[in-house]
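See structure below.
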Amino acid sequence: DITVQKLFECTKVGVVRPYEQIVQQVEDAIRDARYPRGSKLPTERELAESFGVSRSVVREAIKVLATSGLVESRQGSGIFVRNDPIPTI
């Protein structure tokens, strides 16, 4: 409808996936030092319960965070904030 378009510019609305929301919240927590460098994040199970999602969604978020250099997964030890996170956050 042309009338609506004349009133204001519309921008396409995107869909934010659950894992993207988790990535954003964890990035914010790291940036705000709620999870300082070298600290251990909660377990996948604890994160899944806190966010109200499945563990597979948490795993996807952790994969993205690890790829971006913010966290590292240590086999048998857990997920840790890197001591030298890439400074793009």
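If you're wondering about the labels, chains in the structure tokens are A, B, ... by order shown, residues count from 1 in each chain, ligands from 1 in order shown.
Within region 22-57 of chain A, residues classed as helix (DSSP H, G or I) by DSSP on backbone coordinates are Ile22, Val23, Gln24, Gln25, Val26, Glu27, Asp28, Ala29, Ile30, Arg31, Glu44, Arg45, Glu46, Leu47, Ala48, Glu49, Ser50, Phe51, Arg55, Ser56 and Val57 of chain A.
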Could you dump the residues just selected with N, CA and C atoms as an mmCIF file, in the first residue's frame?
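selection.cif, freshly written:
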```cif
data_model
loop_
_atom_site.group_PDB
_atom_site.id
_atom_site.type_symbol
_atom_site.label_atom_id
_atom_site.label_comp_id
_atom_site.auth_asym_id
_atom_site.auth_seq_id
_atom_site.Cartn_x
_atom_site.Cartn_y
_atom_site.Cartn_z
ATOM 1 N N ILE A 22 21.912 -16.533 22.344
ATOM 2 C CA ILE A 22 22.832 -17.002 23.383
ATOM 3 C C ILE A 22 24.219 -16.435 23.135
ATOM 4 N N VAL A 23 24.675 -16.470 21.881
ATOM 5 C CA VAL A 23 25.985 -15.906 21.535
ATOM 6 C C VAL A 23 26.042 -14.447 21.977
ATOM 7 N N GLN A 24 25.009 -13.678 21.665
ATOM 8 C CA GLN A 24 24.995 -12.255 22.014
ATOM 9 C C GLN A 24 25.047 -12.051 23.524
ATOM 10 N N GLN A 25 24.283 -12.836 24.262
ATOM 11 C CA GLN A 25 24.264 -12.675 25.718
ATOM 12 C C GLN A 25 25.593 -13.071 26.352
ATOM 13 N N VAL A 26 26.219 -14.133 25.841
ATOM 14 C CA VAL A 26 27.516 -14.540 26.391
ATOM 15 C C VAL A 26 28.582 -13.512 26.015
ATOM 16 N N GLU A 27 28.546 -13.016 24.773
ATOM 17 C CA GLU A 27 29.485 -11.956 24.379
ATOM 18 C C GLU A 27 29.345 -10.745 25.296
ATOM 19 N N ASP A 28 28.117 -10.349 25.567
ATOM 20 C CA ASP A 28 27.873 -9.209 26.458
ATOM 21 C C ASP A 28 28.434 -9.481 27.852
ATOM 22 N N ALA A 29 28.234 -10.697 28.352
ATOM 23 C CA ALA A 29 28.723 -11.054 29.684
ATOM 24 C C ALA A 29 30.252 -11.033 29.734
ATOM 25 N N ILE A 30 30.891 -11.463 28.653
ATOM 26 C CA ILE A 30 32.356 -11.421 28.597
ATOM 27 C C ILE A 30 32.825 -9.974 28.524
ATOM 28 N N ARG A 31 32.189 -9.178 27.677
ATOM 29 C CA ARG A 31 32.561 -7.766 27.524
ATOM 30 C C ARG A 31 32.391 -7.009 28.844
ATOM 31 N N GLU A 44 27.226 -27.102 29.664
ATOM 32 C CA GLU A 44 26.195 -27.073 28.615
ATOM 33 C C GLU A 44 24.815 -27.280 29.214
ATOM 34 N N ARG A 45 24.722 -28.233 30.124
ATOM 35 C CA ARG A 45 23.440 -28.536 30.755
ATOM 36 C C ARG A 45 22.912 -27.322 31.520
ATOM 37 N N GLU A 46 23.774 -26.669 32.297
ATOM 38 C CA GLU A 46 23.362 -25.498 33.073
ATOM 39 C C GLU A 46 22.954 -24.345 32.154
ATOM 40 N N LEU A 47 23.725 -24.132 31.091
ATOM 41 C CA LEU A 47 23.372 -23.073 30.143
ATOM 42 C C LEU A 47 22.036 -23.373 29.468
ATOM 43 N N ALA A 48 21.836 -24.627 29.073
ATOM 44 C CA ALA A 48 20.581 -25.011 28.423
ATOM 45 C C ALA A 48 19.391 -24.757 29.346
ATOM 46 N N GLU A 49 19.534 -25.116 30.609
ATOM 47 C CA GLU A 49 18.451 -24.885 31.573
ATOM 48 C C GLU A 49 18.219 -23.392 31.782
ATOM 49 N N SER A 50 19.301 -22.623 31.905
ATOM 50 C CA SER A 50 19.180 -21.176 32.131
ATOM 51 C C SER A 50 18.498 -20.466 30.965
ATOM 52 N N PHE A 51 18.860 -20.869 29.739
ATOM 53 C CA PHE A 51 18.293 -20.222 28.550
ATOM 54 C C PHE A 51 16.980 -20.855 28.101
ATOM 55 N N ARG A 55 20.388 -28.691 24.688
ATOM 56 C CA ARG A 55 21.855 -28.655 24.719
ATOM 57 C C ARG A 55 22.439 -28.481 23.327
ATOM 58 N N SER A 56 21.741 -28.972 22.298
ATOM 59 C CA SER A 56 22.254 -28.804 20.936
ATOM 60 C C SER A 56 22.294 -27.324 20.531
ATOM 61 N N VAL A 57 21.334 -26.547 21.005
ATOM 62 C CA VAL A 57 21.323 -25.105 20.727
ATOM 63 C C VAL A 57 22.520 -24.451 21.432
#
```
Q: Might you pull out every residue within 8 Å of region 67-83 of chain A, with only C-alpha atoms counted and same-chain residues fewer than 2 positions away left off, and present them as a list in words?
A: Glu27, Ile30, Tyr35, Pro36, Arg37, Gly38, Ser39, Lys40, Leu41, Pro42, Thr43, Ile62, Lys63, Val64, Leu65, Pro85 and Ile86 of chain A
Would you please give, as a PDB file with C-alpha atoms, in the first residue's frame, all residues of chain A that DSSP assigns to strand (DSSP E) based on the backbone?
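File written: result-v2.pdb
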```pdb
ATOM      1  CA  VAL A  71      35.992 -19.155  24.323  1.00  0.00           C
ATOM      2  CA  GLU A  72      37.765 -22.483  24.129  1.00  0.00           C
ATOM      3  CA  SER A  73      36.453 -25.917  24.898  1.00  0.00           C
ATOM      4  CA  ARG A  74      38.811 -28.099  26.915  1.00  0.00           C
ATOM      5  CA  GLY A  78      34.682 -27.376  30.309  1.00  0.00           C
ATOM      6  CA  ILE A  79      34.323 -24.162  28.370  1.00  0.00           C
ATOM      7  CA  PHE A  80      36.612 -21.258  29.261  1.00  0.00           C
ATOM      8  CA  VAL A  81      36.854 -17.602  28.284  1.00  0.00           C
TER       9      VAL A  81
END
```
